[in-house]
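Heads up, protein_23.txt below (compact mmCIF, C-alpha atoms):
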```
# COMPACT_ATOMS: atom_id res chain seq x y z
CA MET F 1 -0.29 -3.98 19.72
CA THR F 2 -4.05 -4.42 19.91
CA LEU F 3 -6.56 -4.26 17.07
CA ASN F 4 -7.82 -0.88 18.28
CA GLU F 5 -4.27 0.47 18.44
CA ALA F 6 -3.61 -0.71 14.88
CA LYS F 7 -6.81 0.94 13.63
CA ARG F 8 -6.04 4.19 15.45
CA TYR F 9 -2.50 4.23 14.06
CA SER F 10 -3.73 3.74 10.50
CA ILE F 11 -6.19 6.60 10.93
CA LEU F 12 -3.43 8.86 12.28
CA VAL F 13 -1.01 8.01 9.45
CA HIS F 14 -3.72 8.68 6.88
CA ALA F 15 -4.65 12.02 8.49
CA GLU F 16 -1.04 13.20 8.75
CA ILE F 17 -0.33 12.49 5.09
CA TRP F 18 -3.47 14.33 4.02
CA ASN F 19 -2.54 17.27 6.25
CA LEU F 20 0.79 17.51 4.44
CA LEU F 21 -0.80 17.13 1.02
CA GLY F 22 -3.07 20.04 1.89
CA GLU F 23 0.01 22.28 2.11
CA ILE F 24 1.05 21.75 -1.52
CA THR F 25 -0.23 22.43 -5.02
CA THR F 26 0.29 19.90 -7.79
CA LEU F 27 2.89 20.84 -10.35
CA PRO F 28 2.23 21.10 -14.10
CA GLY F 29 2.90 18.14 -16.38
CA ALA F 30 1.55 14.61 -16.68
CA ARG F 31 4.13 13.09 -14.33
CA PHE F 32 3.32 15.42 -11.46
CA GLN F 33 -0.41 15.03 -12.00
CA LEU F 34 -0.33 11.23 -12.10
CA VAL F 35 2.00 10.65 -9.15
CA PRO F 36 -0.24 12.27 -6.50
CA ALA F 37 -3.29 10.71 -8.15
CA TYR F 38 -1.86 7.25 -7.55
CA LEU F 39 -0.88 8.21 -4.00
CA THR F 40 -4.37 9.43 -3.12
CA MET F 41 -5.85 6.24 -4.59
CA ALA F 42 -3.58 4.22 -2.30
CA LEU F 43 -4.65 6.39 0.63
CA GLU F 44 -8.29 5.77 -0.20
CA HIS F 45 -7.69 2.02 -0.13
CA GLN F 46 -5.95 2.42 3.23
CA LYS F 47 -8.94 4.24 4.71
CA ALA F 48 -11.34 1.70 3.21
CA ILE F 49 -9.42 -1.12 4.90
CA VAL F 50 -9.98 0.52 8.29
CA VAL F 51 -13.69 1.07 7.55
CA LEU F 52 -14.14 -2.54 6.44
CA VAL F 53 -12.40 -3.86 9.56
CA ASP F 54 -14.71 -1.67 11.67
CA LEU F 55 -17.69 -3.21 9.86
CA ASP F 56 -16.23 -6.69 10.50
CA LEU F 57 -15.90 -7.25 6.74
CA ARG F 58 -12.36 -8.49 7.09
CA GLY F 59 -12.22 -10.60 3.95
CA SER F 60 -12.93 -7.51 1.86
CA ALA F 61 -10.36 -5.55 3.85
CA PHE F 62 -7.67 -8.13 3.08
CA ALA F 63 -8.67 -8.06 -0.60
CA LEU F 64 -7.77 -4.36 -0.79
CA LEU F 65 -4.16 -4.56 0.40
CA ARG F 66 -2.82 -5.77 -2.93
CA LEU F 67 -4.70 -2.98 -4.70
CA GLN F 68 -3.22 -0.42 -2.30
CA ILE F 69 0.31 -1.69 -2.88
CA GLU F 70 -0.25 -1.75 -6.64
CA ALA F 71 -1.47 1.86 -6.71
CA ALA F 72 1.41 2.97 -4.51
CA PHE F 73 4.13 1.22 -6.52
CA ARG F 74 2.72 2.42 -9.85
CA GLY F 75 2.90 5.97 -8.54
CA LEU F 76 6.52 5.43 -7.58
CA TRP F 77 7.30 3.95 -11.01
CA ILE F 78 5.81 6.94 -12.79
CA GLY F 79 7.66 9.31 -10.48
CA LYS F 80 11.15 8.20 -11.48
CA ILE F 81 11.06 5.61 -14.26
CA ALA F 82 8.37 6.36 -16.85
CA THR F 83 9.78 8.19 -19.89
CA GLU F 84 8.43 11.46 -21.18
CA GLN F 85 7.28 9.65 -24.33
CA GLN F 86 5.32 7.11 -22.30
CA LEU F 87 3.64 9.90 -20.36
CA GLU F 88 2.86 11.81 -23.56
CA ASP F 89 1.36 8.71 -25.20
CA PHE F 90 -0.79 8.13 -22.14
CA ALA F 91 -1.96 11.74 -21.91
CA THR F 92 -2.78 12.11 -25.62
CA LYS F 93 -3.68 8.59 -26.77
CA GLY F 94 -4.60 6.69 -23.61
CA VAL F 95 -1.78 4.18 -24.22
CA ASP F 96 -1.30 1.79 -21.30
CA LEU F 97 1.65 3.07 -19.29
CA PHE F 98 2.63 -0.36 -18.06
CA GLY F 99 2.01 -2.50 -21.13
CA LYS F 100 3.37 -5.99 -20.60
CA LEU F 101 5.59 -4.95 -17.70
CA LYS F 102 5.25 -7.57 -14.96
CA PHE F 103 4.66 -6.25 -11.47
CA LYS F 104 7.71 -8.03 -10.05
CA ASP F 105 9.91 -6.50 -12.76
CA MET F 106 8.40 -3.08 -12.10
CA THR F 107 9.11 -3.47 -8.39
CA LYS F 108 12.76 -4.31 -9.12
CA GLN F 109 13.03 -1.09 -11.13
CA ILE F 110 11.43 0.89 -8.29
CA ASP F 111 13.67 -0.71 -5.68
CA ASP F 112 16.77 0.28 -7.67
CA ALA F 113 15.54 3.79 -8.50
CA TYR F 114 14.69 4.63 -4.89
CA GLN F 115 17.71 2.81 -3.44
CA ALA F 116 15.50 0.64 -1.26
CA LYS F 117 18.27 -1.99 -0.96
CA GLY F 118 15.98 -4.87 -1.87
CA GLY F 119 13.31 -4.00 0.69
CA LEU F 120 10.50 -3.43 -1.79
CA GLN F 121 11.59 -6.25 -4.08
CA SER F 122 11.72 -8.79 -1.25
CA ILE F 123 8.11 -8.06 -0.26
CA ILE F 124 6.84 -8.76 -3.75
CA ASP F 125 9.12 -11.77 -4.36
CA LYS F 126 7.87 -13.48 -1.21
CA PHE F 127 4.31 -12.31 -0.80
CA TRP F 128 2.79 -11.23 -4.12
CA THR F 129 1.24 -14.65 -4.73
CA PRO F 130 -0.61 -14.84 -1.39
CA LEU F 131 -1.65 -11.19 -1.64
CA ASN F 132 -3.19 -12.02 -5.00
CA GLY F 133 -4.94 -14.94 -3.31
CA PHE F 134 -6.60 -12.55 -0.86
CA THR F 135 -7.67 -10.26 -3.70
CA HIS F 136 -8.89 -12.92 -6.13
CA THR F 137 -10.63 -15.20 -3.61
CA GLY F 138 -7.87 -17.75 -3.62
CA TYR F 139 -6.88 -20.29 -1.00
CA GLU F 140 -5.79 -17.61 1.46
CA GLN F 141 -9.35 -16.26 1.60
CA LEU F 142 -11.30 -19.48 1.30
CA VAL F 143 -9.71 -21.25 4.27
CA ARG F 144 -10.76 -18.32 6.44
CA ARG F 145 -14.47 -18.61 5.62
CA PHE F 146 -14.87 -21.36 8.25
CA ASN F 147 -13.95 -21.53 11.92
CA SER F 148 -11.96 -24.31 13.61
CA ILE F 149 -15.01 -26.58 14.02
CA GLY F 150 -16.21 -26.11 10.46
CA THR F 151 -18.98 -23.58 11.01
CA ILE F 152 -19.47 -21.29 8.01
CA VAL F 153 -18.36 -18.01 9.53
CA PRO F 154 -15.47 -15.65 8.61
CA ASP F 155 -12.44 -16.45 10.75
CA TYR F 156 -9.77 -13.75 10.48
CA ALA F 157 -7.78 -13.60 13.71
CA ASP F 158 -7.21 -10.23 15.39
CA ASP F 159 -3.42 -10.55 15.22
CA LEU F 160 -3.64 -11.21 11.49
CA THR F 161 -5.89 -8.18 11.05
CA GLU F 162 -3.49 -6.05 13.09
CA SER F 163 -0.73 -7.00 10.65
CA LEU F 164 -2.98 -6.05 7.74
CA LEU F 165 -3.60 -2.60 9.22
CA LEU F 166 0.07 -2.05 9.97
CA CYS F 167 1.18 -3.13 6.49
CA SER F 168 -1.40 -0.80 4.97
CA SER F 169 -0.28 2.11 7.15
CA GLU F 170 3.41 1.63 6.39
CA THR F 171 2.72 1.29 2.66
CA SER F 172 1.11 4.73 2.72
CA TYR F 173 3.89 6.23 4.85
CA ILE F 174 6.74 4.93 2.68
CA THR F 175 5.02 5.88 -0.57
CA ALA F 176 4.06 9.37 0.58
CA GLY F 177 7.57 10.10 1.80
CA PHE F 178 9.11 9.15 -1.54
CA ILE F 179 6.48 10.96 -3.59
CA LEU F 180 6.67 14.21 -1.64
CA ALA F 181 10.44 14.17 -2.13
CA ILE F 182 10.42 13.48 -5.87
CA MET F 183 7.90 16.29 -6.36
CA GLY F 184 10.30 18.63 -4.62
CA PHE F 185 8.35 19.05 -1.38
CA PHE F 186 11.29 18.23 0.85
CA GLU F 187 9.98 20.02 3.94
CA GLN F 188 6.78 17.98 3.90
CA SER F 189 8.71 14.76 3.29
CA LYS F 190 10.97 15.54 6.25
CA ALA F 191 7.98 16.48 8.42
CA LEU F 192 6.36 13.12 7.65
CA ARG F 193 9.54 11.25 8.53
CA ILE F 194 9.80 13.10 11.87
CA TRP F 195 6.12 12.47 12.61
CA HIS F 196 6.57 8.78 11.89
CA THR F 197 9.62 8.52 14.14
CA ASN F 198 7.65 10.07 17.01
CA ASN F 199 4.41 8.15 16.49
CA LYS F 200 5.14 4.74 14.98
CA LEU F 201 3.97 1.71 16.89
CA ASN F 202 6.57 -0.21 18.85
CA THR F 203 6.12 -3.38 16.85
CA LYS F 204 7.81 -5.05 13.91
CA LEU F 205 6.19 -5.02 10.49
CA ASP F 206 5.76 -8.72 9.75
CA PHE F 207 4.60 -9.67 6.27
CA GLU F 208 5.28 -13.31 7.14
CA GLU F 209 2.47 -13.24 9.69
CA LEU F 210 0.16 -11.46 7.27
CA VAL F 211 0.36 -14.12 4.58
CA GLU F 212 0.81 -17.19 6.79
CA VAL F 213 -1.40 -19.93 5.40
CA LYS F 214 -4.04 -21.17 7.79
CA PRO F 215 -4.31 -24.98 7.90
CA ALA F 216 -7.42 -26.33 6.23
```
Conversion result in structure tokens:
Amino acid sequence: MTLNEAKRYSILVHAEIWNLLGEITTLPGARFQLVPAYLTMALEHQKAIVVLVDLDLRGSAFALLRLQIEAAFRGLWIGKIATEQQLEDFATKGVDLFGKLKFKDMTKQIDDAYQAKGGLQSIIDKFWTPLNGFTHTGYEQLVRRFNSIGTIVPDYADDLTESLLLCSSETSYITAGFILAIMGFFEQSKALRIWHTNNKLNTKLDFEELVEVKPA
């Protein structure tokens, strides 16, 4: 996989999901209004990551991945876990839907509800801390603001950026598939799965590479 291939793939995934969303109309009720709203926010972050990489603003691109995952997972949580009372309180009183719920605990609930067999939970258990570091200008970002000889210049390797783009693309794909299904749009969910099978890149999604700490 090259950087250009990873960018092109992300653009294609984003376009296919939007094509499928264009075939549906949102259903009545707070749950079915909020779920696609979170999905489209995640999609916007995905597209912004590609744009920032194109502009060679890679630090900012990395900062967005955690926000994309957060938007996606919150949409999934609302889709199957939020109670009607929680949704009513949010719609009428603006009460925080998530309260003191920790993101790792929320992810465990999502993993169980969607029968992800630990796949979603393992990502957050292992990588939430470094993803936060990229978002909040932690160590993971700061060590990449210099090159190997100490010159002050952003130093985000192409292979690392390829992993960022792939993780972003697959986050959107997985989330969209689940959300289309829970909203009852099974044909669109199936169409997305078939499209992905026929178009996915022949490479392994590797979060380990994405969050590998660069030596100081």
Requested in this report: Name the residues in contact with range 61-74 of chain F at a cut-off of 9 Å, using all atoms listed in the file, excluding same-chain residues fewer than 6 positions from it; report them as a ChimeraX atom specification.
Outcome: /F:35,38-46,48-53,98,103,106-107,110,128,131-137,141,161,164,167-168,171-172,175-176
Query raised in the report: So which one's closest to Gly59 in chain F, F:Tyr9, F:Phe146, F:Phe185, F:Phe178? Using all atoms listed in the file, please.
Result: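 So, comparing all the options, the nearest one is F:Phe146.
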Close residues, range 21-34 of chain F itself excluded, 8 Å, all atoms listed in the file, min 4 positions apart in chain, as a tab-separated table (two decimals) with C-alpha atoms, keeping the file's coordinate frame:
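Contents of around_33.tsv, freshly written:
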```tsv
chain	number	residue	atom	x	y	z
F	17	ILE	CA	-0.33	12.49	5.09
F	38	TYR	CA	-1.86	7.25	-7.55
F	75	GLY	CA	2.90	5.97	-8.54
F	78	ILE	CA	5.81	6.94	-12.79
F	79	GLY	CA	7.66	9.31	-10.48
F	87	LEU	CA	3.64	9.90	-20.36
F	88	GLU	CA	2.86	11.81	-23.56
F	91	ALA	CA	-1.96	11.74	-21.91
F	183	MET	CA	7.90	16.29	-6.36
F	185	PHE	CA	8.35	19.05	-1.38
```
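Minimum atom-to-atom distances from F:Leu76, F:Ala82, F:Ala113, F:Leu166 to Gly99 in chain F were compared using all atoms listed in the file, and the lowest value belongs to F:Ala82.
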Query - Selected residue of minimal separation from Ala181 in chain F among F:His14, F:Lys93, F:Lys80, F:Lys126, counting all atoms listed in the file - result: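 Once distances to Ala181 in chain F are computed over all atoms listed in the file, the minimum belongs to F:Lys80.
Among F:Gly184, F:Lys47, F:Phe90, F:Asp105, the residue with the shortest atom-to-atom distance to Val13 in chain F, counting all atoms listed in the file, is F:Lys47.
The residue that comes closest to Leu120 in chain F, out of F:Ile174, F:Leu165, F:Ala157, F:Ala6 and on the basis of all atoms listed in the file, is F:Ile174.
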For His196 in chain F, list every protein, DNA or RNA residue within 9 Å, evaluated using all atoms listed in the file, and leave out those in the same chain fewer than 4 positions away; present the list as a PDB file with C-alpha atoms, in the frame of the given file.
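Full text of out-v3.pdb as output:
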```
ATOM      1  CA  VAL F  13      -1.010   8.010   9.450  1.00  0.00           C
ATOM      2  CA  TYR F 173       3.890   6.230   4.850  1.00  0.00           C
ATOM      3  CA  ALA F 191       7.980  16.480   8.420  1.00  0.00           C
ATOM      4  CA  LEU F 192       6.360  13.120   7.650  1.00  0.00           C
ATOM      5  CA  LYS F 200       5.140   4.740  14.980  1.00  0.00           C
TER       6      LYS F 200
END
```
Contacts of Asp155 in chain F at 8 Å (all atoms listed in the file; same-chain gap of 4+ positions) as a tab-separated table (two decimals) with C-alpha atoms, keeping the file's coordinate frame:
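Okay, around.tsv is ready:
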```
chain	number	residue	atom	x	y	z
F	144	ARG	CA	-10.76	-18.32	6.44
F	145	ARG	CA	-14.47	-18.61	5.62
F	146	PHE	CA	-14.87	-21.36	8.25
F	147	ASN	CA	-13.95	-21.53	11.92
```
Query - Nearby residues (only C-alpha atoms) at most 8 Å from Gln121 in chain F, same-chain spacing under 5 positions excluded, as a ChimeraX atom specification - result: /F:104,107-108,111
